[in-house]
$ cat start_9.cif   # mmCIF, C-alpha atoms
data_my_file
loop_
_atom_site.label_atom_id
_atom_site.label_comp_id
_atom_site.auth_asym_id
_atom_site.auth_seq_id
_atom_site.Cartn_x
_atom_site.Cartn_y
_atom_site.Cartn_z
CA MET A 1 -3.46 2.63 43.61
CA ASN A 2 -2.27 -0.80 42.53
CA VAL A 3 -4.38 -2.63 45.13
CA PRO A 4 -7.78 -1.15 44.17
CA LEU A 5 -6.85 -1.55 40.51
CA ARG A 6 -6.07 -5.20 41.00
CA ALA A 7 -9.22 -5.64 43.06
CA LEU A 8 -11.31 -4.11 40.29
CA SER A 9 -9.63 -6.25 37.64
CA TRP A 10 -10.45 -9.34 39.69
CA ALA A 11 -13.99 -8.12 40.25
CA VAL A 12 -14.49 -7.77 36.48
CA ARG A 13 -13.00 -11.21 35.85
CA PHE A 14 -15.04 -12.74 38.67
CA PHE A 15 -18.17 -11.13 37.27
CA TRP A 16 -17.55 -12.57 33.82
CA ILE A 17 -16.82 -16.04 35.22
CA ILE A 18 -20.07 -15.94 37.23
CA ALA A 19 -22.08 -14.68 34.23
CA ILE A 20 -20.70 -17.32 31.83
CA ALA A 21 -21.00 -20.14 34.38
CA PHE A 22 -24.58 -19.12 35.17
CA ALA A 23 -25.53 -18.94 31.47
CA VAL A 24 -23.99 -22.36 30.73
CA THR A 25 -25.53 -24.08 33.77
CA CYS A 26 -28.90 -22.46 33.01
CA VAL A 27 -28.96 -23.89 29.50
CA TYR A 28 -27.75 -27.32 30.64
CA SER A 29 -30.11 -27.37 33.60
CA ALA A 30 -33.08 -26.47 31.39
CA THR A 31 -32.45 -29.64 29.38
CA LEU A 32 -32.91 -31.67 32.59
CA VAL A 33 -36.50 -30.49 33.07
CA ASN A 34 -39.12 -32.96 31.84
CA VAL A 35 -42.82 -32.32 31.41
CA ASP A 36 -45.27 -35.21 31.00
CA PHE A 37 -49.00 -35.02 30.41
CA GLY A 38 -51.00 -37.81 32.01
CA GLU A 39 -54.29 -39.41 31.01
CA PRO A 40 -57.15 -36.88 31.34
CA ARG A 41 -60.06 -37.78 33.64
CA SER A 42 -63.54 -36.27 33.38
CA SER A 43 -66.09 -35.65 36.11
CA HIS A 44 -69.63 -34.22 36.00
CA SER A 45 -71.12 -31.66 38.31
CA GLY A 46 -74.56 -30.43 37.26
CA ASP A 47 -74.40 -29.17 33.69
CA ASP A 48 -70.65 -28.67 33.82
CA ILE A 49 -68.02 -31.22 32.95
CA THR A 50 -64.58 -30.93 34.48
CA LEU A 51 -61.62 -32.42 32.71
CA THR A 52 -58.57 -32.98 34.88
CA VAL A 53 -55.21 -33.32 33.18
CA PRO A 54 -52.28 -34.37 35.40
CA ILE A 55 -49.10 -32.54 34.39
CA GLU A 56 -45.93 -33.95 35.86
CA PHE A 57 -42.91 -31.67 36.18
CA GLU A 58 -39.59 -33.36 36.82
CA ASN A 59 -37.12 -30.68 37.74
CA ASP A 60 -33.80 -32.52 37.70
CA GLY A 61 -31.93 -29.29 36.95
CA TYR A 62 -29.96 -27.09 39.32
CA PHE A 63 -32.41 -24.22 39.61
CA ASN A 64 -35.91 -23.64 40.93
CA ILE A 65 -38.93 -23.07 38.77
CA ALA A 66 -41.06 -20.31 40.26
CA ASP A 67 -44.53 -18.90 39.49
CA LEU A 68 -45.55 -21.70 37.21
CA ASN A 69 -48.77 -20.89 35.37
CA VAL A 70 -50.60 -23.28 33.07
CA THR A 71 -53.55 -21.87 31.13
CA THR A 72 -55.78 -23.56 28.58
CA VAL A 73 -58.51 -21.89 26.57
CA ILE A 74 -60.86 -23.76 24.27
CA GLU A 75 -62.85 -21.79 21.72
CA ASP A 76 -65.35 -22.70 19.05
CA SER A 77 -65.09 -21.58 15.42
CA THR A 78 -66.83 -18.28 16.20
CA GLY A 79 -64.35 -17.48 18.95
CA ASN A 80 -66.71 -18.16 21.85
CA GLN A 81 -64.97 -19.51 24.91
CA VAL A 82 -66.00 -23.07 25.69
CA SER A 83 -63.57 -23.63 28.50
CA LYS A 84 -60.85 -21.83 30.39
CA GLY A 85 -58.62 -23.48 32.93
CA SER A 86 -55.75 -22.00 34.87
CA SER A 87 -53.34 -23.59 37.35
CA HIS A 88 -50.65 -21.96 39.40
CA TRP A 89 -47.77 -23.48 41.33
CA PRO A 90 -45.62 -21.14 43.44
CA GLN A 91 -42.35 -23.07 43.28
CA ILE A 92 -40.83 -26.31 42.09
CA SER A 93 -37.51 -26.73 43.83
CA HIS A 94 -34.62 -28.33 42.01
CA GLN A 95 -34.34 -32.12 42.16
CA ARG A 96 -38.07 -32.36 42.90
CA ASN A 97 -41.00 -33.78 40.99
CA VAL A 98 -44.41 -32.18 41.13
CA THR A 99 -47.71 -33.31 39.63
CA ILE A 100 -50.14 -30.50 38.93
CA LEU A 101 -53.78 -31.35 38.39
CA HIS A 102 -54.93 -28.93 35.74
CA ASN A 103 -58.71 -28.55 35.70
CA MET A 104 -60.67 -27.45 32.68
CA SER A 105 -64.32 -26.76 33.27
CA PHE A 106 -66.52 -27.13 30.21
CA CYS A 107 -69.87 -25.49 29.78
CA PHE A 108 -71.42 -26.87 26.65
CA ASP A 109 -74.63 -24.84 26.90
CA ASP A 110 -73.65 -22.35 24.18
CA LEU A 111 -71.96 -24.95 22.04
CA LEU A 112 -74.91 -27.31 22.04
CA THR A 113 -77.27 -24.68 20.71
CA GLN A 114 -75.28 -24.64 17.50
CA GLU A 115 -76.34 -27.18 14.88
CA GLU A 116 -72.76 -27.42 13.65
CA TYR A 117 -71.55 -28.89 16.95
CA LEU A 118 -74.63 -31.07 17.56
CA PHE A 119 -74.63 -32.90 14.26
CA ASP A 120 -71.13 -32.62 12.78
CA ASP A 121 -67.79 -33.74 14.11
CA SER A 122 -65.59 -30.71 14.19
CA ASP A 123 -62.51 -29.15 15.71
CA LEU A 124 -62.27 -26.74 18.60
CA ALA A 125 -59.34 -24.38 18.95
CA LEU A 126 -57.16 -25.19 21.96
CA ARG A 127 -54.74 -22.51 23.15
CA SER A 128 -52.40 -23.62 25.90
CA SER A 129 -49.72 -21.59 27.56
CA ILE A 130 -47.12 -22.29 30.21
CA SER A 131 -45.10 -19.57 31.87
CA PHE A 132 -42.61 -19.59 34.72
CA ASN A 133 -39.55 -17.90 36.13
CA TYR A 134 -36.55 -20.11 35.63
CA ALA A 135 -33.93 -19.88 38.37
CA ASP A 136 -36.18 -17.14 39.82
CA LEU A 137 -34.60 -14.78 37.31
CA ILE A 138 -35.39 -15.69 33.72
CA PRO A 139 -39.03 -15.42 32.68
CA PHE A 140 -39.97 -18.10 30.17
CA GLY A 141 -43.19 -18.48 28.22
CA PHE A 142 -44.51 -21.15 25.90
CA GLU A 143 -47.74 -20.98 23.95
CA THR A 144 -49.19 -23.39 21.45
CA ASN A 145 -52.31 -23.42 19.33
CA THR A 146 -53.73 -26.79 18.43
CA SER A 147 -57.09 -28.17 17.56
CA LEU A 148 -59.15 -30.43 19.77
CA PRO A 149 -61.37 -32.92 17.96
CA TRP A 150 -65.02 -32.46 18.82
CA GLY A 151 -67.24 -35.51 18.57
CA ALA A 152 -70.83 -34.50 17.87
CA PRO A 153 -73.45 -36.13 20.14
CA LEU A 154 -75.76 -36.56 17.13
CA SER A 155 -73.13 -37.43 14.57
CA ASP A 156 -74.37 -39.08 11.34
CA PHE A 157 -77.94 -38.17 12.27
CA THR A 158 -80.03 -39.92 9.63
CA VAL A 159 -83.78 -39.89 9.10
CA ASN A 160 -84.56 -42.32 6.31
CA THR A 161 -87.33 -41.90 3.77
CA PRO A 162 -90.63 -43.22 5.20
CA ARG A 163 -91.59 -46.76 4.30
CA TYR A 164 -95.28 -47.61 3.93
CA ASP A 165 -96.86 -50.98 4.59
CA SER A 166 -100.52 -51.74 4.14
CA HIS A 167 -102.42 -51.84 7.43
CA ASN A 168 -106.05 -51.86 6.30
CA VAL A 169 -108.22 -50.34 3.57
CA THR A 170 -108.09 -46.83 4.99
CA HIS A 171 -104.70 -46.73 6.69
CA LEU A 172 -101.06 -47.44 5.97
CA ARG A 173 -98.37 -48.21 8.49
CA MET A 174 -95.59 -45.62 8.10
CA THR A 175 -92.12 -46.49 9.39
CA VAL A 176 -89.24 -44.00 9.55
CA PRO A 177 -85.87 -45.38 10.76
CA ILE A 178 -83.79 -42.81 12.67
CA SER A 179 -80.19 -43.29 13.67
CA PHE A 180 -77.22 -41.37 15.02
CA HIS A 181 -73.85 -42.02 16.57
CA ASN A 182 -72.99 -40.28 19.84
CA ARG A 183 -69.32 -39.51 19.22
CA SER A 184 -69.01 -37.14 22.15
CA PRO A 185 -66.66 -38.45 24.84
CA TYR A 186 -68.34 -36.23 27.47
CA ILE A 187 -72.08 -36.13 26.74
CA ASP A 188 -74.65 -38.90 27.17
CA VAL A 189 -77.75 -38.40 25.05
CA THR A 190 -80.50 -39.24 27.55
CA GLY A 191 -84.01 -37.85 27.12
CA GLU A 192 -86.71 -37.75 24.50
CA MET A 193 -86.94 -37.29 20.76
CA ARG A 194 -90.27 -36.05 19.43
CA VAL A 195 -90.91 -36.80 15.78
CA GLU A 196 -93.70 -35.24 13.73
CA VAL A 197 -94.40 -36.12 10.12
CA PHE A 198 -96.33 -33.73 7.87
CA SER A 199 -97.59 -34.05 4.34
CA ASN A 200 -96.82 -31.54 1.59
CA ARG A 201 -100.06 -29.79 2.46
CA TYR A 202 -98.75 -29.51 6.04
CA GLU A 203 -101.31 -31.92 7.45
CA ARG A 204 -99.96 -33.94 10.30
CA LEU A 205 -99.56 -37.59 9.37
CA GLY A 206 -98.23 -38.79 12.68
CA ARG A 207 -96.46 -37.90 15.89
CA THR A 208 -94.50 -39.93 18.41
CA VAL A 209 -92.04 -39.56 21.23
CA LEU A 210 -89.04 -41.85 21.34
CA SER A 211 -86.96 -42.23 24.44
CA LEU A 212 -83.22 -41.85 24.12
CA ASP A 213 -80.50 -43.40 26.23
CA THR A 214 -77.34 -43.36 24.18
CA PRO A 215 -74.17 -43.21 26.22
CA SER A 216 -70.98 -41.62 25.09
CA ASN A 217 -69.67 -43.33 21.93
CA GLY A 218 -72.93 -45.29 21.65
CA PHE A 219 -75.10 -45.83 18.58
CA TYR A 220 -78.82 -45.15 18.41
CA LEU A 221 -81.19 -46.85 15.97
CA GLY A 222 -84.89 -46.18 16.45
CA GLU A 223 -88.03 -46.39 14.38
CA PHE A 224 -90.89 -43.97 14.17
CA GLU A 225 -94.14 -45.81 13.50
CA ALA A 226 -97.57 -44.33 12.78
CA LEU A 227 -100.82 -45.29 11.15
CA VAL A 228 -101.48 -42.83 8.34
CA ASP A 229 -104.78 -42.09 6.65
CA ARG A 230 -104.38 -43.01 2.97
CA THR A 231 -106.30 -39.88 1.88
CA LEU A 232 -103.80 -37.55 3.62
CA LEU A 233 -100.76 -38.96 1.85
CA THR A 234 -98.90 -36.80 -0.64
CA SER A 235 -95.85 -37.52 -2.78
CA GLY A 236 -93.53 -35.96 -0.19
CA GLY A 237 -93.53 -34.21 3.11
CA VAL A 238 -91.64 -32.89 6.09
CA ILE A 239 -90.32 -34.59 9.23
CA ASN A 240 -89.72 -32.36 12.25
CA VAL A 241 -87.49 -33.72 14.97
CA TYR A 242 -87.33 -32.15 18.46
CA LEU A 243 -84.77 -33.27 21.01
CA GLU A 244 -84.99 -32.75 24.73
CA THR A 245 -82.11 -34.30 26.62
CA GLU A 246 -80.39 -33.71 29.95
CA SER A 247 -77.60 -31.84 28.21
CA PHE A 248 -79.35 -29.92 25.47
CA THR A 249 -82.65 -29.03 23.82
CA TYR A 250 -82.87 -28.67 20.11
CA GLY A 251 -85.53 -28.45 17.48
CA PRO A 252 -87.07 -28.59 15.15
CA LYS A 253 -84.66 -30.22 12.77
CA VAL A 254 -86.56 -30.15 9.52
CA ILE A 255 -86.02 -33.00 7.08
CA ARG A 256 -87.83 -33.06 3.74
CA PHE A 257 -88.57 -36.28 1.95
CA GLY A 258 -90.11 -37.32 -1.35
CA MET B 1 18.19 1.73 28.47
CA GLU B 2 16.45 4.63 26.79
CA LYS B 3 12.81 4.11 26.07
CA GLU B 4 11.93 3.92 22.37
CA SER B 5 9.96 6.91 21.06
CA PHE B 6 6.34 6.34 20.16
CA PHE B 7 7.00 7.77 16.71
CA SER B 8 10.04 5.62 15.89
CA THR B 9 9.48 3.31 12.92
CA ARG B 10 10.25 0.16 14.98
CA SER B 11 7.92 1.04 17.82
CA PHE B 12 5.22 2.02 15.35
CA GLY B 13 5.52 -1.31 13.56
CA ILE B 14 5.47 -3.38 16.76
CA ARG B 15 2.42 -1.51 18.02
CA ILE B 16 0.55 -2.06 14.76
CA VAL B 17 1.38 -5.78 14.72
CA LYS B 18 0.34 -6.22 18.38
CA ALA B 19 -2.90 -4.30 17.84
CA LEU B 20 -3.68 -6.24 14.66
CA VAL B 21 -3.07 -9.61 16.36
CA LYS B 22 -5.29 -8.73 19.33
CA THR B 23 -8.03 -7.32 17.07
CA GLY B 24 -7.74 -10.34 14.77
CA VAL B 25 -8.19 -12.83 17.62
CA ILE B 26 -11.28 -10.98 18.86
CA TYR B 27 -12.62 -10.78 15.29
CA ILE B 28 -12.25 -14.57 14.84
CA LEU B 29 -14.10 -15.14 18.14
CA PHE B 30 -16.86 -12.82 16.93
CA VAL B 31 -17.15 -14.67 13.61
CA ILE B 32 -17.55 -17.97 15.50
CA PHE B 33 -20.11 -16.35 17.82
CA SER B 34 -22.02 -14.95 14.81
CA ARG B 35 -22.12 -18.39 13.18
CA ILE B 36 -23.64 -19.81 16.37
CA LEU B 37 -26.24 -17.01 16.39
CA LEU B 38 -26.99 -17.32 12.65
CA PRO B 39 -30.04 -19.62 13.08
CA LEU B 40 -31.45 -17.12 15.58
CA GLU B 41 -30.95 -14.15 13.26
CA SER B 42 -34.67 -13.73 12.63
CA ILE B 43 -35.41 -13.79 16.36
CA LEU B 44 -32.60 -11.52 17.54
CA ASN B 45 -33.70 -8.17 16.23
CA ILE B 46 -30.49 -6.63 17.55
CA HIS B 47 -28.36 -8.47 14.98
CA GLU B 48 -27.58 -5.41 12.84
CA SER B 49 -26.88 -3.14 15.77
CA LEU B 50 -24.78 -5.93 17.32
CA ASN B 51 -22.57 -5.95 14.21
CA ALA B 52 -22.23 -2.17 14.29
CA PHE B 53 -21.40 -2.28 18.00
CA PHE B 54 -18.86 -5.01 17.47
CA TYR B 55 -16.97 -3.09 14.76
CA LEU B 56 -16.87 -0.08 17.07
CA PHE B 57 -15.58 -2.39 19.83
CA LEU B 58 -12.84 -3.66 17.48
CA ILE B 59 -11.78 -0.10 16.69
CA PHE B 60 -11.50 0.62 20.42
CA VAL B 61 -9.50 -2.57 21.03
CA PHE B 62 -7.14 -1.71 18.17
CA ALA B 63 -6.75 1.91 19.33
CA THR B 64 -6.23 0.93 22.99
CA GLU B 65 -3.49 -1.52 22.03
CA PHE B 66 -1.90 0.80 19.50
CA PHE B 67 -1.73 3.73 21.92
CA LYS B 68 -0.54 1.61 24.85
CA ASP B 69 1.37 3.56 27.55
CA THR B 70 0.01 6.88 26.29
CA VAL B 71 -2.92 8.90 27.57
CA LEU B 72 -4.92 7.83 24.51
CA GLN B 73 -4.87 4.20 25.71
CA HIS B 74 -6.93 5.27 28.72
CA VAL B 75 -9.17 7.55 26.68
CA PHE B 76 -10.09 4.66 24.36
CA SER B 77 -10.35 2.20 27.23
CA VAL B 78 -12.85 4.48 29.04
CA ALA B 79 -14.75 5.05 25.78
CA ASN B 80 -14.85 1.31 25.16
CA SER B 81 -16.37 0.48 28.55
CA LEU B 82 -18.87 3.34 28.18
CA ALA B 83 -19.85 2.01 24.74
CA VAL B 84 -20.50 -1.43 26.28
CA VAL B 85 -22.68 0.11 29.01
CA PHE B 86 -24.68 2.27 26.58
CA TYR B 87 -25.09 -0.43 23.97
CA PHE B 88 -26.49 -3.00 26.38
CA ALA B 89 -28.67 -0.36 28.05
CA TYR B 90 -30.06 0.37 24.56
CA ALA B 91 -30.45 -3.34 23.78
CA LEU B 92 -32.21 -4.01 27.10
CA ASP B 93 -35.62 -3.54 25.45
CA THR B 94 -34.79 -6.20 22.89
CA GLY B 95 -33.82 -8.70 25.58
CA VAL B 96 -37.15 -10.49 25.31
CA LEU B 97 -36.65 -13.16 22.66
CA ARG B 98 -39.69 -14.49 20.83
CA PHE B 99 -39.52 -17.64 18.73
CA SER B 100 -42.30 -18.91 16.54
CA VAL B 101 -42.27 -22.39 15.05
CA GLN B 102 -45.46 -23.38 13.25
CA GLN B 103 -48.19 -23.00 15.89
CA THR B 104 -45.82 -22.80 18.85
CA TYR B 105 -44.54 -19.61 20.39
CA LEU B 106 -41.66 -19.34 22.83
CA MET B 107 -40.61 -16.36 24.90
CA ILE B 108 -37.38 -16.07 26.87
CA ASP B 109 -36.48 -12.93 28.76
CA ILE B 110 -32.68 -12.65 28.86
CA ARG B 111 -32.59 -9.09 30.17
CA PHE B 112 -30.95 -10.40 33.31
CA PHE B 113 -27.86 -11.33 31.27
CA PHE B 114 -27.88 -7.90 29.62
CA SER B 115 -27.98 -6.36 33.11
CA LEU B 116 -24.94 -8.44 34.05
CA LEU B 117 -23.12 -7.11 30.98
CA ILE B 118 -24.06 -3.54 31.92
CA ILE B 119 -22.72 -4.01 35.46
CA SER B 120 -19.58 -5.56 34.03
CA GLY B 121 -19.25 -2.52 31.73
CA ILE B 122 -19.61 -0.16 34.68
CA LEU B 123 -16.91 -2.06 36.57
CA SER B 124 -14.65 -1.87 33.50
CA PHE B 125 -15.36 1.85 33.26
CA ALA B 126 -14.35 2.32 36.91
CA LYS B 127 -11.23 0.25 36.32
CA SER B 128 -10.29 2.28 33.22
CA LEU B 129 -10.78 5.53 35.12
CA LEU B 130 -8.57 4.31 37.98
CA GLN B 131 -5.97 3.13 35.48
CA SER B 132 -5.90 6.53 33.83
CA ILE B 133 -5.54 8.29 37.20
CA ASN B 134 -2.80 5.83 38.11
CA TRP B 135 -1.06 6.46 34.80
CA ALA B 136 -1.27 10.25 35.25
CA SER B 137 0.06 10.13 38.82
CA LYS B 138 2.96 7.86 37.84
CA ARG B 139 3.80 10.18 34.99
CA GLU B 140 3.84 13.14 37.37
CA GLU B 141 5.99 11.13 39.76
CA ARG B 142 8.45 10.41 36.96
CA LEU B 143 8.61 14.07 35.99
CA LEU B 144 9.20 15.08 39.60
CA ASN B 145 11.88 12.45 40.11
CA TYR B 146 13.69 13.17 36.85
CA PRO B 147 15.64 16.30 38.07
CA ILE B 148 16.74 14.47 41.26
CA LYS B 149 18.00 11.50 39.30
CA SER B 150 19.80 13.76 36.88
CA LEU B 151 21.69 15.32 39.79
#
$ encode --input "start_9.cif" --output "structure tokens"
Amino acid sequence: MNVPLRALSWAVRFFWIIAIAFAVTCVYSATLVNVDFGEPRSSHSGDDITLTVPIEFENDGYFNIADLNVTTVIEDSTGNQVSKGSSHWPQISHQRNVTILHNMSFCFDDLLTQEEYLFDDSDLALRSSISFNYADLIPFGFETNTSLPWGAPLSDFTVNTPRYDSHNVTHLRMTVPISFHNRSPYIDVTGEMRVEVFSNRYERLGRTVLSLDTPSNGFYLGEFEALVDRTLLTSGGVINVYLETESFTYGPKVIRFG
Amino acid sequence: MEKESFFSTRSFGIRIVKALVKTGVIYILFVIFSRILLPLESILNIHESLNAFFYLFLIFVFATEFFKDTVLQHVFSVANSLAVVFYFAYALDTGVLRFSVQQTYLMIDIRFFFSLLIISGILSFAKSLLQSINWASKREERLLNYPIKSL
């Protein structure tokens, strides 16, 4: 009876030693894992923009990282999904470095129909999560909610009050300066801007089409010019702006003056 | 030399002192362990039940030491290992720790460690059972040998 008893006692002790040693090395080893996020790169394919973020995992610990999942979800203020990206890596062995290219595909179609995101800089909600099995045994999850600054493609959109210069006895030359700042890092504003000016009696004073070619982070300053019949002029009026670009179509944006 | 009776004042005193010292050492270790876990109190939702379990564990340790070399030592030893197994089986559901700091959430599943503790408890239970059988057989042996020796 003494032999099995001794064997069991040693088994219990051995078990405890293994459990404690495993717990301690797990904690220490986890501190040797480094995660670095590289510089994101963007690429265009049709209407979609793909943002690639390199994530470098340096596993200098003693255990493998298995079933690594990286997920990012970007939502607008109404909760609509703007982008969802997911990357999976089956295993990162110990003492190995791995760079995962995490792709996020953006479809701005829904977003760019909303005036809020066309004209105002805003924030998008970014939910990112990382999950993996540490040492093939301990599931670990990390989730963070942050905001992603959204630069509006028509930020600071300004239509100034019309300026009138005398042209002849019957007509005046009307000039309306229009400007905006394309703060979007992903969207080039290339296309046409149709501007229509109406009097208070809703009689059309003038109409023109301006071409747009404002790259990302560029500034646009254009002038609408039209010859206006003096008899049609009222104290105020309405300017309707229609935009048709490669990325979005919007209009009319109604601006009252006077 | 004649063995001292369990109920003699001297034996009683020695047993109490031994049991108190052993229980005291384990209690101090638990206090240190609790201090380490204190920042995680809000995350570990087993904290209250862990305290209750630990006091029960201390009672078993005290009783096992106090009743050493009697059948009650083995009874308490078996009960102690069973308590460990049942407690960690109960706590298995709470082995998924969730931390939340500002906008960041962390999840660690430590059920594997709880499983290790359950297996260790089962091994201890088997050991305690074998010890009690061993104790009973030796006692029988002594009783059988006693008349021969007395001759």
$ interface_residues --input "start_9.cif" --of "chain A" --to "chain B" --cutoff "6 Å" --atoms "only C-alpha atoms" --output "PyMOL selection string"
chain A and resi 8+138-145
$ write_last_selection --input "start_9.cif" --atoms "C-alpha atoms" --output "PDB file, keeping the file's coordinate frame"
ATOM      1  CA  LEU A   8     -11.310  -4.110  40.290  1.00  0.00           C
ATOM      2  CA  ILE A 138     -35.390 -15.690  33.720  1.00  0.00           C
ATOM      3  CA  PRO A 139     -39.030 -15.420  32.680  1.00  0.00           C
ATOM      4  CA  PHE A 140     -39.970 -18.100  30.170  1.00  0.00           C
ATOM      5  CA  GLY A 141     -43.190 -18.480  28.220  1.00  0.00           C
ATOM      6  CA  PHE A 142     -44.510 -21.150  25.900  1.00  0.00           C
ATOM      7  CA  GLU A 143     -47.740 -20.980  23.950  1.00  0.00           C
ATOM      8  CA  THR A 144     -49.190 -23.390  21.450  1.00  0.00           C
ATOM      9  CA  ASN A 145     -52.310 -23.420  19.330  1.00  0.00           C
TER      10      ASN A 145
END
$ atom_distance --input "start_9.cif" --atom1 "CA of Ser77 (chain A)" --atom2 "CA of Pro153 (chain A)"
17.4 Å
$ atom_distance --input "start_9.cif" --atom1 "CA of Ser86 (chain A)" --atom2 "CA of Thr146 (chain A)"
17.2 Å
$ atom_distance --input "start_9.cif" --atom1 "CA of Ala11 (chain A)" --atom2 "CA of Leu82 (chain B)"
17.3 Å
$ resolve_selection --input "start_9.cif" --expression "the PyMOL selection byres ((chain A and resi 250) around 10)" --output "PyMOL selection string"
chain A and resi 112-115+118+193+241-245+248-249+251-253
$ closest_residue --input "start_9.cif" --among "A:Val169, A:Ala152, A:Ile55, A:Ile74" --to "Ile130 (chain A)" --atoms "only C-alpha atoms"
A:Ile55
$ axis_aligned_box --input "start_9.cif" --around "region 129-134 of chain A" --padding-each-side "5 Å" --output "lines of an AutoDock Vina configuration file"
center_x = -43.1
center_y = -20.1
center_z = 31.8
size_x = 23.2
size_y = 14.4
size_z = 18.6
$ resolve_selection --input "start_9.cif" --expression "the PyMOL selection byres ((chain A and resi 96) around 7)" --output "VMD selection string"
chain A and resid 58 to 60 92 to 95 97 to 98
$ closest_residue --input "start_9.cif" --among "A:Thr78, A:Asp67, A:Gly85, A:His102" --to "Arg41 (chain A)" --atoms "only C-alpha atoms"
A:His102
$ resolve_selection --input "start_9.cif" --expression "the PyMOL selection byres ((chain A and resi 202) around 12)" --output "list in words"
Glu196, Val197, Phe198, Ser199, Asn200, Arg201, Glu203, Arg204, Leu205, Gly206, Leu232, Leu233, Thr234, Gly236, Gly237, Val238, Ile239, Asn240 and Arg256 of chain A
$ residues_around --input "start_9.cif" --residues "region 23-26 of chain A" --least-positions-apart "6" --cutoff "8 Å" --atoms "all atoms listed in the file" --output "MDAnalysis selection string"
(chainID A and resid 62:63 135) or (chainID B and resid 113)
$ closest_atom_pairs --input "start_9.cif" --of "region 57-152 of chain A" --to "region 182-189 of chain A" --cutoff "12 Å" --atoms "only C-alpha atoms" --output "JSON lines"
{"residue": "A:Ser105", "atom": "CA", "partner": "A:Tyr186", "partner_atom": "CA", "distance": 11.8}
{"residue": "A:Phe106", "atom": "CA", "partner": "A:Tyr186", "partner_atom": "CA", "distance": 9.7}
{"residue": "A:Cys107", "atom": "CA", "partner": "A:Tyr186", "partner_atom": "CA", "distance": 11.1}
{"residue": "A:Phe108", "atom": "CA", "partner": "A:Ile187", "partner_atom": "CA", "distance": 9.3}
{"residue": "A:Asp109", "atom": "CA", "partner": "A:Ile187", "partner_atom": "CA", "distance": 11.6}
{"residue": "A:Leu112", "atom": "CA", "partner": "A:Ile187", "partner_atom": "CA", "distance": 10.4}
{"residue": "A:Tyr117", "atom": "CA", "partner": "A:Ser184", "partner_atom": "CA", "distance": 10.1}
{"residue": "A:Leu118", "atom": "CA", "partner": "A:Ser184", "partner_atom": "CA", "distance": 9.5}
{"residue": "A:Phe119", "atom": "CA", "partner": "A:Asn182", "partner_atom": "CA", "distance": 9.4}
{"residue": "A:Asp120", "atom": "CA", "partner": "A:Arg183", "partner_atom": "CA", "distance": 9.6}
{"residue": "A:Asp121", "atom": "CA", "partner": "A:Arg183", "partner_atom": "CA", "distance": 7.9}
{"residue": "A:Ser122", "atom": "CA", "partner": "A:Ser184", "partner_atom": "CA", "distance": 10.8}
{"residue": "A:Pro149", "atom": "CA", "partner": "A:Ser184", "partner_atom": "CA", "distance": 9.7}
{"residue": "A:Trp150", "atom": "CA", "partner": "A:Ser184", "partner_atom": "CA", "distance": 7.0}
{"residue": "A:Gly151", "atom": "CA", "partner": "A:Ser184", "partner_atom": "CA", "distance": 4.3}
{"residue": "A:Ala152", "atom": "CA", "partner": "A:Ser184", "partner_atom": "CA", "distance": 5.3}
$ write_last_selection --input "start_9.cif" --atoms "C-alpha atoms" --output "PDB file, keeping the file's coordinate frame"
ATOM      1  CA  SER A 105     -64.320 -26.760  33.270  1.00  0.00           C
ATOM      2  CA  PHE A 106     -66.520 -27.130  30.210  1.00  0.00           C
ATOM      3  CA  CYS A 107     -69.870 -25.490  29.780  1.00  0.00           C
ATOM      4  CA  PHE A 108     -71.420 -26.870  26.650  1.00  0.00           C
ATOM      5  CA  ASP A 109     -74.630 -24.840  26.900  1.00  0.00           C
ATOM      6  CA  LEU A 112     -74.910 -27.310  22.040  1.00  0.00           C
ATOM      7  CA  TYR A 117     -71.550 -28.890  16.950  1.00  0.00           C
ATOM      8  CA  LEU A 118     -74.630 -31.070  17.560  1.00  0.00           C
ATOM      9  CA  PHE A 119     -74.630 -32.900  14.260  1.00  0.00           C
ATOM     10  CA  ASP A 120     -71.130 -32.620  12.780  1.00  0.00           C
ATOM     11  CA  ASP A 121     -67.790 -33.740  14.110  1.00  0.00           C
ATOM     12  CA  SER A 122     -65.590 -30.710  14.190  1.00  0.00           C
ATOM     13  CA  PRO A 149     -61.370 -32.920  17.960  1.00  0.00           C
ATOM     14  CA  TRP A 150     -65.020 -32.460  18.820  1.00  0.00           C
ATOM     15  CA  GLY A 151     -67.240 -35.510  18.570  1.00  0.00           C
ATOM     16  CA  ALA A 152     -70.830 -34.500  17.870  1.00  0.00           C
TER      17      ALA A 152
END
$ residues_around --input "start_9.cif" --residues "Val21 (chain B)" --least-positions-apart "4" --cutoff "12 Å" --atoms "all atoms listed in the file" --output "PyMOL selection string"
chain B and resi 14-17+25-28+58+61-62+65-66
